[in-house]
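Reproduced below: query.txt, with compact mmCIF, C-alpha atoms.
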# COMPACT_ATOMS: atom_id res chain seq x y z
CA MET A 1 24.23 -37.89 -22.58
CA ARG A 2 21.95 -39.04 -19.74
CA ALA A 3 20.70 -37.13 -16.73
CA VAL A 4 21.40 -40.06 -14.41
CA ASP A 5 25.07 -40.13 -15.40
CA ILE A 6 25.40 -36.43 -14.56
CA ILE A 7 23.73 -37.00 -11.18
CA ILE A 8 26.04 -39.92 -10.38
CA LYS A 9 29.13 -37.96 -11.39
CA LYS A 10 28.29 -35.08 -9.04
CA ARG A 11 27.14 -37.49 -6.31
CA ASP A 12 30.59 -39.07 -6.38
CA GLY A 13 32.36 -35.72 -6.19
CA GLY A 14 33.15 -35.24 -9.87
CA ILE A 15 33.51 -31.90 -11.66
CA LEU A 16 30.74 -31.38 -14.19
CA SER A 17 31.62 -30.05 -17.64
CA ASN A 18 29.94 -27.02 -19.21
CA GLU A 19 28.25 -29.36 -21.68
CA GLU A 20 26.82 -31.59 -18.95
CA ILE A 21 25.46 -28.65 -16.99
CA ARG A 22 23.95 -26.99 -20.05
CA PHE A 23 22.36 -30.26 -21.19
CA PHE A 24 20.76 -30.82 -17.79
CA ILE A 25 19.38 -27.26 -17.46
CA GLU A 26 18.07 -27.14 -21.05
CA GLU A 27 16.37 -30.52 -20.76
CA TYR A 28 14.90 -29.69 -17.34
CA THR A 29 13.56 -26.34 -18.53
CA ALA A 30 11.97 -28.09 -21.53
CA GLY A 31 10.31 -30.65 -19.24
CA LYS A 32 12.35 -33.59 -20.57
CA ILE A 33 14.04 -34.11 -17.21
CA GLN A 34 11.61 -34.52 -14.34
CA ASP A 35 11.65 -32.98 -10.86
CA ASP A 36 12.89 -36.16 -9.16
CA GLN A 37 16.12 -36.16 -11.15
CA ALA A 38 16.57 -32.41 -10.76
CA ALA A 39 16.06 -32.84 -7.01
CA ALA A 40 18.73 -35.55 -6.98
CA LEU A 41 21.19 -33.24 -8.71
CA MET A 42 20.39 -30.37 -6.33
CA MET A 43 21.01 -32.66 -3.35
CA SER A 44 24.29 -33.86 -4.87
CA ILE A 45 25.40 -30.26 -5.34
CA PHE A 46 24.28 -29.48 -1.78
CA PHE A 47 26.65 -32.13 -0.37
CA ARG A 48 29.47 -32.03 -2.93
CA GLY A 49 29.50 -28.35 -3.83
CA MET A 50 30.67 -26.73 -7.07
CA ASN A 51 33.80 -24.83 -8.03
CA TYR A 52 33.65 -21.36 -9.60
CA LYS A 53 33.77 -22.69 -13.17
CA GLU A 54 30.93 -25.14 -12.53
CA THR A 55 28.87 -22.48 -10.76
CA ALA A 56 29.50 -20.02 -13.59
CA ALA A 57 28.40 -22.63 -16.14
CA LEU A 58 25.25 -23.32 -14.12
CA THR A 59 24.57 -19.58 -13.89
CA LEU A 60 24.97 -19.01 -17.64
CA ALA A 61 22.81 -22.02 -18.50
CA MET A 62 20.06 -20.68 -16.23
CA ALA A 63 20.45 -17.14 -17.58
CA GLU A 64 20.24 -18.39 -21.17
CA SER A 65 17.19 -20.58 -20.47
CA GLY A 66 14.93 -17.65 -21.33
CA GLU A 67 14.90 -14.04 -22.44
CA GLN A 68 18.21 -12.17 -22.72
CA VAL A 69 17.71 -8.45 -22.16
CA ASP A 70 19.64 -6.38 -24.71
CA LEU A 71 20.76 -3.05 -23.27
CA SER A 72 23.26 -2.31 -26.04
CA GLY A 73 21.03 0.56 -27.17
CA ILE A 74 21.97 2.45 -24.01
CA SER A 75 25.32 4.22 -24.11
CA GLY A 76 27.69 4.02 -21.19
CA ILE A 77 28.41 1.32 -18.61
CA LYS A 78 25.11 -0.01 -17.28
CA VAL A 79 25.40 -0.86 -13.58
CA ASP A 80 22.91 -3.05 -11.75
CA LYS A 81 22.56 -3.51 -7.99
CA HIS A 82 21.14 -6.47 -6.12
CA SER A 83 20.36 -6.93 -2.46
CA THR A 84 19.92 -10.34 -0.86
CA GLY A 85 17.09 -8.78 1.16
CA GLY A 86 16.44 -7.72 4.70
CA ILE A 87 14.25 -5.69 7.02
CA GLY A 88 13.88 -2.07 5.95
CA ASP A 89 15.93 -2.54 2.79
CA LYS A 90 14.86 0.36 0.58
CA THR A 91 18.35 0.94 -0.82
CA THR A 92 17.45 0.76 -4.52
CA LEU A 93 15.09 3.73 -4.10
CA ILE A 94 18.06 5.75 -2.84
CA VAL A 95 21.19 4.49 -4.61
CA ALA A 96 19.74 4.12 -8.12
CA PRO A 97 18.73 7.82 -8.40
CA ILE A 98 22.08 8.87 -6.91
CA ALA A 99 24.01 6.83 -9.48
CA ALA A 100 21.79 8.07 -12.34
CA ALA A 101 22.26 11.68 -11.18
CA CYS A 102 26.01 11.10 -11.55
CA GLY A 103 25.57 9.96 -15.16
CA VAL A 104 25.59 6.18 -14.59
CA PRO A 105 22.77 4.61 -16.66
CA VAL A 106 20.54 2.44 -14.45
CA ALA A 107 18.27 0.01 -16.29
CA LYS A 108 17.17 -2.23 -13.45
CA MET A 109 14.80 -5.15 -13.29
CA SER A 110 13.57 -5.94 -9.80
CA GLY A 111 11.22 -8.51 -8.33
CA ARG A 112 8.46 -8.86 -5.81
CA ALA A 113 9.46 -10.28 -2.47
CA LEU A 114 7.94 -12.96 -0.28
CA GLY A 115 8.00 -12.71 3.48
CA PHE A 116 8.19 -9.69 5.78
CA THR A 117 7.50 -6.88 3.28
CA GLY A 118 7.30 -6.33 -0.44
CA GLY A 119 10.28 -6.01 -2.76
CA THR A 120 11.44 -2.92 -4.63
CA ILE A 121 8.64 -3.28 -7.18
CA ASP A 122 5.99 -3.43 -4.45
CA LYS A 123 7.44 -0.37 -2.74
CA LEU A 124 7.43 1.58 -6.00
CA GLU A 125 3.89 0.49 -6.86
CA SER A 126 2.67 1.87 -3.53
CA ILE A 127 3.11 5.27 -5.25
CA PRO A 128 -0.23 6.17 -6.91
CA GLY A 129 -0.19 5.64 -10.67
CA LEU A 130 3.36 4.27 -10.95
CA SER A 131 3.79 1.33 -13.34
CA THR A 132 6.65 -1.15 -13.38
CA SER A 133 5.22 -3.23 -16.24
CA ILE A 134 7.58 -1.83 -18.84
CA PRO A 135 8.71 -3.70 -21.98
CA VAL A 136 12.47 -3.86 -22.57
CA GLY A 137 12.32 -1.60 -25.62
CA LYS A 138 10.45 1.05 -23.65
CA MET A 139 12.90 0.69 -20.74
CA VAL A 140 15.83 1.38 -23.09
CA GLU A 141 14.01 4.44 -24.43
CA ILE A 142 13.36 5.74 -20.89
CA VAL A 143 16.97 5.23 -19.76
CA ASN A 144 18.30 7.02 -22.82
CA LYS A 145 16.01 9.94 -21.97
CA THR A 146 16.24 10.10 -18.17
CA GLY A 147 19.15 7.83 -17.19
CA ILE A 148 17.03 5.56 -14.99
CA CYS A 149 14.21 3.03 -15.08
CA VAL A 150 13.22 0.35 -12.56
CA ALA A 151 10.93 -2.28 -14.07
CA GLY A 152 9.47 -5.59 -12.99
CA GLN A 153 11.14 -8.79 -14.07
CA THR A 154 9.48 -10.45 -17.04
CA ALA A 155 8.13 -13.99 -16.78
CA GLU A 156 10.61 -15.06 -19.46
CA LEU A 157 13.68 -14.04 -17.42
CA ALA A 158 15.66 -17.14 -16.32
CA PRO A 159 12.75 -19.65 -16.31
CA ALA A 160 15.12 -22.44 -15.22
CA ASP A 161 15.69 -20.52 -12.00
CA LYS A 162 11.97 -20.32 -11.32
CA LYS A 163 11.64 -24.09 -11.62
CA LEU A 164 14.70 -24.82 -9.50
CA TYR A 165 13.73 -22.18 -6.92
CA ALA A 166 10.43 -23.94 -6.26
CA LEU A 167 12.18 -27.32 -6.12
CA ARG A 168 14.83 -26.14 -3.64
CA ASP A 169 12.10 -25.01 -1.30
CA VAL A 170 10.67 -28.53 -0.91
CA THR A 171 13.89 -30.56 -1.02
CA GLY A 172 15.91 -28.95 1.78
CA THR A 173 18.58 -27.58 -0.55
CA ILE A 174 17.91 -23.85 -0.11
CA GLU A 175 21.16 -23.27 1.81
CA SER A 176 23.45 -24.47 -1.00
CA ILE A 177 25.68 -21.47 -1.73
CA PRO A 178 26.49 -22.42 -5.37
CA ILE A 179 22.78 -22.76 -6.12
CA ILE A 180 21.86 -19.51 -4.31
CA ALA A 181 24.64 -17.69 -6.17
CA ALA A 182 23.58 -19.12 -9.53
CA SER A 183 19.96 -18.17 -8.83
CA ILE A 184 20.82 -14.54 -8.09
CA MET A 185 23.45 -14.07 -10.77
CA SER A 186 21.49 -15.80 -13.55
CA LYS A 187 18.79 -13.12 -13.29
CA LYS A 188 21.35 -10.30 -13.09
CA ILE A 189 23.22 -11.58 -16.15
CA ALA A 190 19.99 -12.14 -18.12
CA ALA A 191 18.96 -8.57 -17.23
CA GLY A 192 21.84 -7.28 -19.38
CA ALA A 193 23.91 -4.99 -17.12
CA ASP A 194 27.64 -4.54 -17.72
CA ALA A 195 28.56 -4.41 -14.03
CA ILE A 196 26.87 -5.52 -10.80
CA VAL A 197 27.02 -4.31 -7.19
CA LEU A 198 25.88 -6.94 -4.66
CA ASP A 199 24.52 -5.95 -1.25
CA VAL A 200 24.83 -9.14 0.82
CA LYS A 201 23.05 -9.13 4.18
CA TYR A 202 23.57 -11.37 7.20
CA GLY A 203 21.95 -11.69 10.61
CA SER A 204 18.55 -12.42 12.18
CA GLY A 205 16.63 -10.51 9.52
CA ALA A 206 18.55 -11.92 6.53
CA PHE A 207 18.65 -15.18 4.62
CA MET A 208 22.32 -15.71 5.48
CA LYS A 209 22.57 -15.87 9.26
CA THR A 210 26.35 -15.55 9.73
CA LYS A 211 28.94 -13.17 8.35
CA GLU A 212 31.05 -16.16 7.28
CA ASP A 213 28.28 -17.61 5.12
CA ALA A 214 27.52 -14.18 3.66
CA GLN A 215 31.20 -13.80 2.75
CA LYS A 216 31.16 -17.21 1.04
CA LEU A 217 28.09 -16.21 -0.95
CA ALA A 218 29.63 -12.86 -1.89
CA ASP A 219 32.89 -14.50 -2.97
CA THR A 220 31.01 -17.06 -5.04
CA MET A 221 28.91 -14.45 -6.83
CA CYS A 222 31.94 -12.27 -7.53
CA GLY A 223 33.73 -15.36 -8.82
CA ILE A 224 30.84 -16.05 -11.18
CA GLY A 225 30.94 -12.46 -12.39
CA ALA A 226 34.66 -12.76 -13.14
CA GLU A 227 34.11 -16.04 -15.00
CA VAL A 228 31.39 -14.60 -17.26
CA GLY A 229 33.04 -11.24 -17.88
CA ARG A 230 30.83 -9.02 -15.70
CA ARG A 231 32.56 -6.65 -13.28
CA THR A 232 31.07 -7.58 -9.92
CA VAL A 233 31.72 -6.20 -6.44
CA ALA A 234 30.05 -7.07 -3.13
CA VAL A 235 29.31 -5.24 0.12
CA LEU A 236 28.49 -7.09 3.34
CA ASN A 237 26.04 -5.51 5.77
CA THR A 238 24.54 -6.71 9.02
CA MET A 239 20.80 -7.28 9.33
CA GLU A 240 20.68 -8.00 13.06
CA VAL A 241 18.76 -4.73 13.35
CA PRO A 242 16.52 -3.14 10.69
CA LEU A 243 18.15 -0.90 8.09
CA GLY A 244 16.93 2.62 8.71
CA MET A 245 13.93 3.43 10.88
CA CYS A 246 11.01 2.32 8.68
CA VAL A 247 9.84 -1.15 7.63
CA GLY A 248 7.00 -1.61 5.14
CA ASN A 249 6.30 -0.36 1.63
CA ALA A 250 4.92 3.19 1.38
CA ILE A 251 6.60 4.03 4.67
CA GLU A 252 9.97 2.99 3.20
CA VAL A 253 9.35 5.22 0.17
CA LYS A 254 8.90 8.10 2.64
CA GLU A 255 12.18 7.24 4.33
CA ALA A 256 13.99 7.01 0.99
CA VAL A 257 12.73 10.49 0.10
CA GLU A 258 13.85 11.81 3.48
CA THR A 259 17.31 10.31 2.94
CA LEU A 260 17.63 11.90 -0.51
CA LYS A 261 16.70 15.22 1.11
CA GLY A 262 19.77 14.85 3.32
CA GLY A 263 17.99 13.48 6.38
CA GLY A 264 17.31 9.92 7.41
CA SER A 265 19.10 7.64 9.84
CA ASP A 266 22.88 7.53 9.89
CA ASP A 267 23.12 3.77 9.24
CA LEU A 268 20.90 3.92 6.15
CA LYS A 269 22.60 7.02 4.77
CA LYS A 270 26.11 5.62 5.29
CA HIS A 271 25.24 2.28 3.69
CA CYS A 272 23.58 3.90 0.68
CA ILE A 273 26.50 6.28 0.09
CA HIS A 274 28.81 3.25 0.17
CA LEU A 275 26.67 1.28 -2.32
CA ALA A 276 26.15 4.27 -4.61
CA GLY A 277 29.89 4.96 -4.49
CA LYS A 278 30.58 1.48 -5.81
CA MET A 279 28.00 1.86 -8.59
CA ILE A 280 29.50 5.21 -9.59
CA SER A 281 33.02 3.78 -9.43
CA LEU A 282 32.07 0.97 -11.83
CA GLY A 283 30.00 3.18 -14.12
CA LEU A 284 32.38 6.12 -14.44
CA ASN A 285 35.71 4.30 -13.94
CA VAL A 286 36.69 6.37 -10.93
CA ASP A 287 38.00 5.15 -7.58
CA GLU A 288 35.51 4.32 -4.83
CA ASP A 289 36.42 7.35 -2.69
CA MET A 290 35.55 9.61 -5.59
CA GLY A 291 32.38 7.61 -6.15
CA GLU A 292 31.28 8.22 -2.56
CA LYS A 293 32.20 11.91 -2.81
CA LEU A 294 30.07 12.29 -5.93
CA ALA A 295 27.21 10.40 -4.28
CA GLN A 296 27.23 12.77 -1.32
CA GLU A 297 27.33 15.78 -3.65
CA ARG A 298 24.27 14.55 -5.60
CA ILE A 299 22.33 14.36 -2.34
CA SER A 300 23.56 17.75 -1.16
CA ASP A 301 22.72 19.58 -4.39
CA GLY A 302 19.28 17.95 -4.65
CA SER A 303 19.87 16.34 -8.04
CA ALA A 304 19.43 12.77 -6.72
CA LEU A 305 15.98 13.63 -5.34
CA LYS A 306 15.08 15.32 -8.64
CA LYS A 307 16.20 12.17 -10.48
CA LEU A 308 13.89 10.02 -8.32
CA ALA A 309 11.01 12.42 -9.03
CA GLU A 310 11.78 12.24 -12.75
CA MET A 311 11.82 8.44 -12.67
CA ILE A 312 8.51 8.32 -10.80
CA SER A 313 6.88 10.78 -13.20
CA THR A 314 8.18 8.99 -16.30
CA GLN A 315 6.75 5.70 -15.02
CA GLY A 316 3.33 7.28 -14.43
CA GLY A 317 3.56 7.95 -10.70
CA ASP A 318 2.91 11.12 -8.73
CA PRO A 319 6.23 12.98 -8.35
CA GLU A 320 4.69 15.02 -5.52
CA VAL A 321 5.74 12.09 -3.33
CA CYS A 322 9.25 13.57 -3.43
CA GLU A 323 8.01 16.85 -1.98
CA ASP A 324 5.21 15.87 0.38
CA PRO A 325 4.87 12.07 0.72
CA ASP A 326 2.34 12.36 3.56
CA LYS A 327 0.02 14.26 1.23
CA VAL A 328 0.34 11.61 -1.50
CA PHE A 329 -0.03 8.55 0.73
CA GLY A 330 -2.55 10.03 3.14
CA ILE A 331 -3.15 8.91 6.72
CA THR A 332 -3.18 5.19 7.47
CA ALA A 333 -6.46 4.04 8.98
CA TYR A 334 -5.07 2.37 12.10
CA SER A 335 -2.00 3.00 14.22
CA LYS A 336 -0.69 1.77 17.56
CA VAL A 337 2.16 3.27 19.58
CA ILE A 338 4.41 0.83 21.43
CA LYS A 339 5.88 2.31 24.63
CA ALA A 340 8.71 1.20 26.89
CA SER A 341 7.52 -0.89 29.84
CA LYS A 342 10.53 0.17 31.92
CA SER A 343 13.45 2.57 31.95
CA GLY A 344 16.90 1.49 30.76
CA TYR A 345 19.11 1.11 27.71
CA ILE A 346 18.03 -0.61 24.50
CA LYS A 347 20.69 -3.22 23.71
CA TYR A 348 19.35 -3.75 20.21
CA THR A 349 16.15 -4.03 18.19
CA ASP A 350 15.75 -7.46 16.60
CA ALA A 351 15.29 -7.20 12.83
CA TYR A 352 13.46 -10.52 12.51
CA LYS A 353 10.86 -9.58 15.13
CA ILE A 354 10.25 -6.16 13.61
CA GLY A 355 9.92 -7.92 10.25
CA MET A 356 7.31 -10.25 11.71
CA ALA A 357 5.44 -7.30 13.18
CA ALA A 358 5.34 -5.70 9.72
CA PHE A 359 4.29 -8.99 8.13
CA THR A 360 1.39 -9.54 10.53
CA LEU A 361 0.29 -5.95 9.94
CA GLY A 362 -0.13 -6.86 6.26
CA ALA A 363 3.09 -5.52 4.71
CA GLY A 364 4.25 -8.87 3.27
CA ARG A 365 2.96 -11.95 1.50
CA THR A 366 3.37 -15.73 1.66
CA VAL A 367 2.92 -16.38 -2.07
CA LYS A 368 3.28 -13.89 -4.90
CA THR A 369 -0.46 -13.79 -5.61
CA ASP A 370 -1.30 -12.78 -2.02
CA PRO A 371 -2.69 -9.26 -1.54
CA PHE A 372 -0.75 -6.99 0.79
CA ASP A 373 -1.29 -3.64 2.45
CA PRO A 374 1.05 -0.97 0.99
CA ASN A 375 0.37 1.29 3.98
CA ALA A 376 1.20 -1.32 6.63
CA GLY A 377 4.50 -1.01 8.43
CA VAL A 378 6.54 -0.09 11.47
CA LYS A 379 8.25 3.21 12.23
CA LEU A 380 11.03 2.95 14.83
CA TYR A 381 12.02 5.72 17.20
CA VAL A 382 14.95 3.88 18.80
CA LYS A 383 17.17 0.95 17.78
CA CYS A 384 20.47 0.41 19.59
CA ASP A 385 22.22 1.90 22.64
CA ALA A 386 19.41 4.38 23.32
CA GLU A 387 18.47 5.36 26.84
CA VAL A 388 14.69 5.31 27.29
CA LYS A 389 12.31 6.15 30.11
CA ARG A 390 9.30 4.08 31.09
CA GLY A 391 6.39 5.13 28.87
CA GLN A 392 8.63 6.52 26.10
CA GLU A 393 7.60 5.72 22.51
CA LEU A 394 9.66 2.92 20.96
CA CYS A 395 7.83 2.54 17.65
CA VAL A 396 4.46 2.95 15.98
CA LEU A 397 2.57 0.31 13.99
CA TYR A 398 0.47 1.19 10.92
CA SER A 399 -2.16 -0.82 9.06
CA SER A 400 -5.28 -0.41 6.96
CA LYS A 401 -7.01 -2.96 9.23
CA PRO A 402 -7.35 -3.17 13.02
CA ILE A 403 -3.99 -3.95 14.58
CA SER A 404 -3.80 -7.43 16.04
CA ASP A 405 -2.42 -8.49 19.41
CA GLU A 406 0.05 -10.66 17.50
CA SER A 407 1.57 -7.61 15.78
CA VAL A 408 1.87 -5.84 19.11
CA ARG A 409 3.56 -8.86 20.73
CA TRP A 410 6.13 -9.11 17.93
CA ALA A 411 6.91 -5.40 18.16
CA LYS A 412 7.23 -5.35 21.94
CA SER A 413 9.48 -8.43 21.98
CA ALA A 414 11.88 -6.84 19.42
CA PHE A 415 13.32 -4.37 21.94
CA GLU A 416 15.95 -6.00 24.13
CA PHE A 417 17.09 -4.08 27.21
CA ARG A 418 20.50 -4.38 28.86

Can you present the structure in this file as structure tokens?
Amino acid sequence: MRAVDIIIKKRDGGILSNEEIRFFIEEYTAGKIQDDQAAALMMSIFFRGMNYKETAALTLAMAESGEQVDLSGISGIKVDKHSTGGIGDKTTLIVAPIAAACGVPVAKMSGRALGFTGGTIDKLESIPGLSTSIPVGKMVEIVNKTGICVAGQTAELAPADKKLYALRDVTGTIESIPIIAASIMSKKIAAGADAIVLDVKYGSGAFMKTKEDAQKLADTMCGIGAEVGRRTVAVLNTMEVPLGMCVGNAIEVKEAVETLKGGGSDDLKKHCIHLAGKMISLGLNVDEDMGEKLAQERISDGSALKKLAEMISTQGGDPEVCEDPDKVFGITAYSKVIKASKSGYIKYTDAYKIGMAAFTLGAGRTVKTDPFDPNAGVKLYVKCDAEVKRGQELCVLYSSKPISDESVRWAKSAFEFR
């Protein structure tokens, strides 16, 4: 078997066999196939596409290119949740404790994010003392004891994806839905969960810009799940405006705590109840309405918040963050209030521009080795359809360094009046 023959077959619109796909991924991961040939195959897939069986084969080959996490030592149906990202997306911090409080074991591996703000791991590590560097064996032990653990992805998880991810970035093939789907699902499958809930975002603050493309991605990932025997469901959610009222890292932890206390913004609360309901439905084999009912009950009776505190404490963090987050995080060194320049109605608050404000404040990173400011972020006071008066506070910017004019410009431009 030769790499060039596989490239030509896909270039000409052929359907690749499982054996051809596995050969290519194994040889590329081992360094026997070079980047130029891998780039040629990615471009061929970009133009010719892949059917569900091909995409599932690609996903499995990528998942099996490295470590396979064994969660068989945890009883029950292990349910994972993945978000395609967005502005103010702190959903894991809310839905994972809710699901665990309902008896669904959550053994989740999350990553660090590039761009506007940190990922779930960065948000968690903004809590003093908390560690996400947890070996698989220890994670299994923790979940059997507490029902929940959120750890960082190991370097050995889906190494083929890491190589292809970097290659896609420089070859103009990022938008290929089969390759995006295989990238996401390979890590989820390698992470060992029995069932997966996908939170697929679309809009100005998301990777997928249109609802139609988000639906295609969701359908493809669910199709992969069906092909490889993992129960997979997807939820679509707009990211034209930020999710919730806080964007950053520590500030999103605060908002997650507030939501688990029964407060928080309606859009965030509703979305998290929906996601948690699906996790509970898959994990307990109940219908989704019952899943949502149980999710709401675990917030109302305080057990979800207690579960988050237990998770934080078990992973070495300060559980006081669940009682008084302001005391734990302290006061951020610099802040700047953005006020309305005129009276009127806010049509909407652009997620991308708020994300850029957070990024320039120091909440995000360009490469994974970049330092970032866990206390940097934006707190919104209004988003959509709000009537405001001239001089009214629209949002406040936080940073550990002096706030730049660029951050202020991004924040001001995010509020569109009608």

Which protein, DNA or RNA residues have an atom at most 9 Å from (11.9, -17.2, -19.3), counting all atoms listed in the file? List them as a ChimeraX atom specification.
/A:63-68,154-162

Point-to-point distance from CA of Ala99 (chain A) to CA of Ile280 (chain A), Å rounded to tenths
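Here the two named atoms are 5.7 Å from each other.
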
Using all atoms listed in the file, find each residue of region 205-259 of chain A with at least one atom at most 10 Å away from an atom of region 173-179 of chain A; report its shortest atom-to-atom pair and that distance in Å (one decimal), sort the rows by chain and rising residue number, and return the result as CSV.
residue,atom,partner,partner_atom,distance
A:Phe207,CA,A:Glu175,CA,8.9
A:Met208,CA,A:Glu175,CA,8.5
A:Asp213,CA,A:Ile177,CA,8.3
A:Ala214,CA,A:Ile177,CA,9.3
A:Lys216,CA,A:Ile177,CA,7.5
A:Leu217,CA,A:Ile177,CA,5.8
A:Ala218,CA,A:Ile177,CA,9.5
A:Thr220,CA,A:Pro178,CA,7.0
A:Met221,CA,A:Pro178,CA,8.5
A:Ile224,CA,A:Pro178,CA,9.7

Near region 4-21 of chain A, within 12 Å and counting only C-alpha atoms, which residues show up once chain neighbours fewer than 3 positions away are dropped, as a ChimeraX atom specification?
/A:1,24-28,33-34,36-62

Name all residues at most 10 Å from Ser313 (chain A) (count only C-alpha atoms; drop same-chain ones fewer than 5 positions away) and give them as number ranges by chain.
A: 129-131, 307-308, 318-320

Please write the residues from the selection above to a file, keeping C-alpha atoms, as a PDB file, in the frame of the given file.
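Below is the file selection-v9.pdb, written as the result:
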ATOM      1  CA  GLY A 129      -0.190   5.640 -10.670  1.00  0.00           C
ATOM      2  CA  LEU A 130       3.360   4.270 -10.950  1.00  0.00           C
ATOM      3  CA  SER A 131       3.790   1.330 -13.340  1.00  0.00           C
ATOM      4  CA  LYS A 307      16.200  12.170 -10.480  1.00  0.00           C
ATOM      5  CA  LEU A 308      13.890  10.020  -8.320  1.00  0.00           C
ATOM      6  CA  ASP A 318       2.910  11.120  -8.730  1.00  0.00           C
ATOM      7  CA  PRO A 319       6.230  12.980  -8.350  1.00  0.00           C
ATOM      8  CA  GLU A 320       4.690  15.020  -5.520  1.00  0.00           C
TER       9      GLU A 320
END

If we count all atoms listed in the file, what is near region 405-413 of chain A at a cut-off of 12 Å, once residues fewer than 2 positions away on the same chain are taken out, given as a ChimeraX atom specification?
/A:247,335-342,346,348-363,376-380,393-399,401-403,415-417

Among listed residues A:Val140, A:Pro135, A:Ile127, A:Glu240, nearest Thr210 (chain A) (using all atoms listed in the file)
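Ranking A:Val140, A:Pro135, A:Ile127, A:Glu240 by distance to Thr210 (chain A), first place goes to A:Glu240.
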
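Each of A:Gly223, A:Gly192, A:Gly262, A:Pro325 was compared to Asp80 (chain A) using all atoms listed in the file, and A:Gly192 turns out to be the nearest.
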
Fewer than 5 positions away in the same chain doesn't count, so skip those; otherwise give me all residues within 9 Å of Thr92 (chain A), counting all atoms listed in the file, as a PDB file with C-alpha atoms, in the frame of the given file.
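Heads up, here's the output in around_18.pdb:
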ATOM      1  CA  LYS A  81      22.560  -3.510  -7.990  1.00  0.00           C
ATOM      2  CA  HIS A  82      21.140  -6.470  -6.120  1.00  0.00           C
ATOM      3  CA  SER A  83      20.360  -6.930  -2.460  1.00  0.00           C
ATOM      4  CA  PRO A  97      18.730   7.820  -8.400  1.00  0.00           C
ATOM      5  CA  THR A 120      11.440  -2.920  -4.630  1.00  0.00           C
ATOM      6  CA  CYS A 272      23.580   3.900   0.680  1.00  0.00           C
TER       7      CYS A 272
END

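The protein and nucleic acid residues lying at most 10 Å from region 264-266 of chain A are Leu243, Gly244, Met245, Cys246, Lys254, Glu255, Ala256, Val257, Glu258, Thr259, Leu260, Lys261, Gly262, Leu268, Lys269, Lys270, His271 and Cys272 of chain A, with only C-alpha atoms considered and sequence neighbours fewer than 2 positions away removed.
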
So which one's closest to Ile74 (chain A), A:Met311, A:Ala166, A:Ile184, A:Met139? Using all atoms listed in the file, please.
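Closest residue, counting all atoms listed in the file: A:Met139.
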
Point-to-point distance from CA of Lys278 (chain A) to CA of Gln296 (chain A), Å rounded to tenths:
12.6 Å

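Relative to CA of Asp289 (chain A), CA of Ala276 (chain A) is found at 10.9 Å.
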
Need the neighbours of (12.6, 5.0, -15.0): which residues are at most 10 Å away, counting all atoms listed in the file, as a PyMOL selection string?
chain A and resi 96-97+106-108+131-132+134+138-151+307-316

Pick from A:Asp373, A:Lys32, A:Ile94, A:Ala182 nearest to Cys322 (chain A), counting all atoms listed in the file
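Checking each candidate against Cys322 (chain A), we get A:Ile94 as the closest.
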
Among the residues A:Leu167, A:Ile251, A:Met109, A:Leu282, the one that comes closest to Val197 (chain A) [using all atoms listed in the file]:
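Among the listed residues, A:Leu282 lies closest to Val197 (chain A).
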
Using only the atoms of region 135-150 of chain A listed in the file, plus 5 Å on each side, state the axis-aligned box centre and edge lengths in Å rounded to one decimal, as JSON.
{"center_x": 13.9, "center_y": 3.1, "center_z": -19.1, "size_x": 20.4, "size_y": 24.0, "size_z": 23.1}

Can you patch up region 132-141 of chain A, filling it in to N, CA and C atoms, and show the result as an mmCIF file, in the coordinates of the input?
data_model
loop_
_atom_site.group_PDB
_atom_site.id
_atom_site.type_symbol
_atom_site.label_atom_id
_atom_site.label_comp_id
_atom_site.auth_asym_id
_atom_site.auth_seq_id
_atom_site.Cartn_x
_atom_site.Cartn_y
_atom_site.Cartn_z
ATOM 1 N N THR A 132 5.357 -0.490 -13.176
ATOM 2 C CA THR A 132 6.650 -1.150 -13.380
ATOM 3 C C THR A 132 6.563 -2.203 -14.485
ATOM 4 N N SER A 133 5.400 -2.287 -15.124
ATOM 5 C CA SER A 133 5.220 -3.230 -16.240
ATOM 6 C C SER A 133 5.686 -2.543 -17.524
ATOM 7 N N ILE A 134 6.974 -2.588 -17.752
ATOM 8 C CA ILE A 134 7.580 -1.830 -18.840
ATOM 9 C C ILE A 134 8.344 -2.771 -19.760
ATOM 10 N N PRO A 135 7.980 -2.854 -21.038
ATOM 11 C CA PRO A 135 8.710 -3.700 -21.980
ATOM 12 C C PRO A 135 10.169 -3.238 -22.114
ATOM 13 N N VAL A 136 11.040 -4.159 -22.501
ATOM 14 C CA VAL A 136 12.470 -3.860 -22.570
ATOM 15 C C VAL A 136 12.748 -2.688 -23.512
ATOM 16 N N GLY A 137 12.092 -2.685 -24.667
ATOM 17 C CA GLY A 137 12.320 -1.600 -25.620
ATOM 18 C C GLY A 137 11.964 -0.241 -25.031
ATOM 19 N N LYS A 138 10.866 -0.192 -24.294
ATOM 20 C CA LYS A 138 10.450 1.050 -23.650
ATOM 21 C C LYS A 138 11.429 1.425 -22.539
ATOM 22 N N MET A 139 11.934 0.425 -21.801
ATOM 23 C CA MET A 139 12.900 0.690 -20.740
ATOM 24 C C MET A 139 14.164 1.327 -21.315
ATOM 25 N N VAL A 140 14.646 0.810 -22.441
ATOM 26 C CA VAL A 140 15.830 1.380 -23.090
ATOM 27 C C VAL A 140 15.570 2.827 -23.486
ATOM 28 N N GLU A 141 14.388 3.077 -24.024
ATOM 29 C CA GLU A 141 14.010 4.440 -24.430
ATOM 30 C C GLU A 141 14.005 5.383 -23.229
#
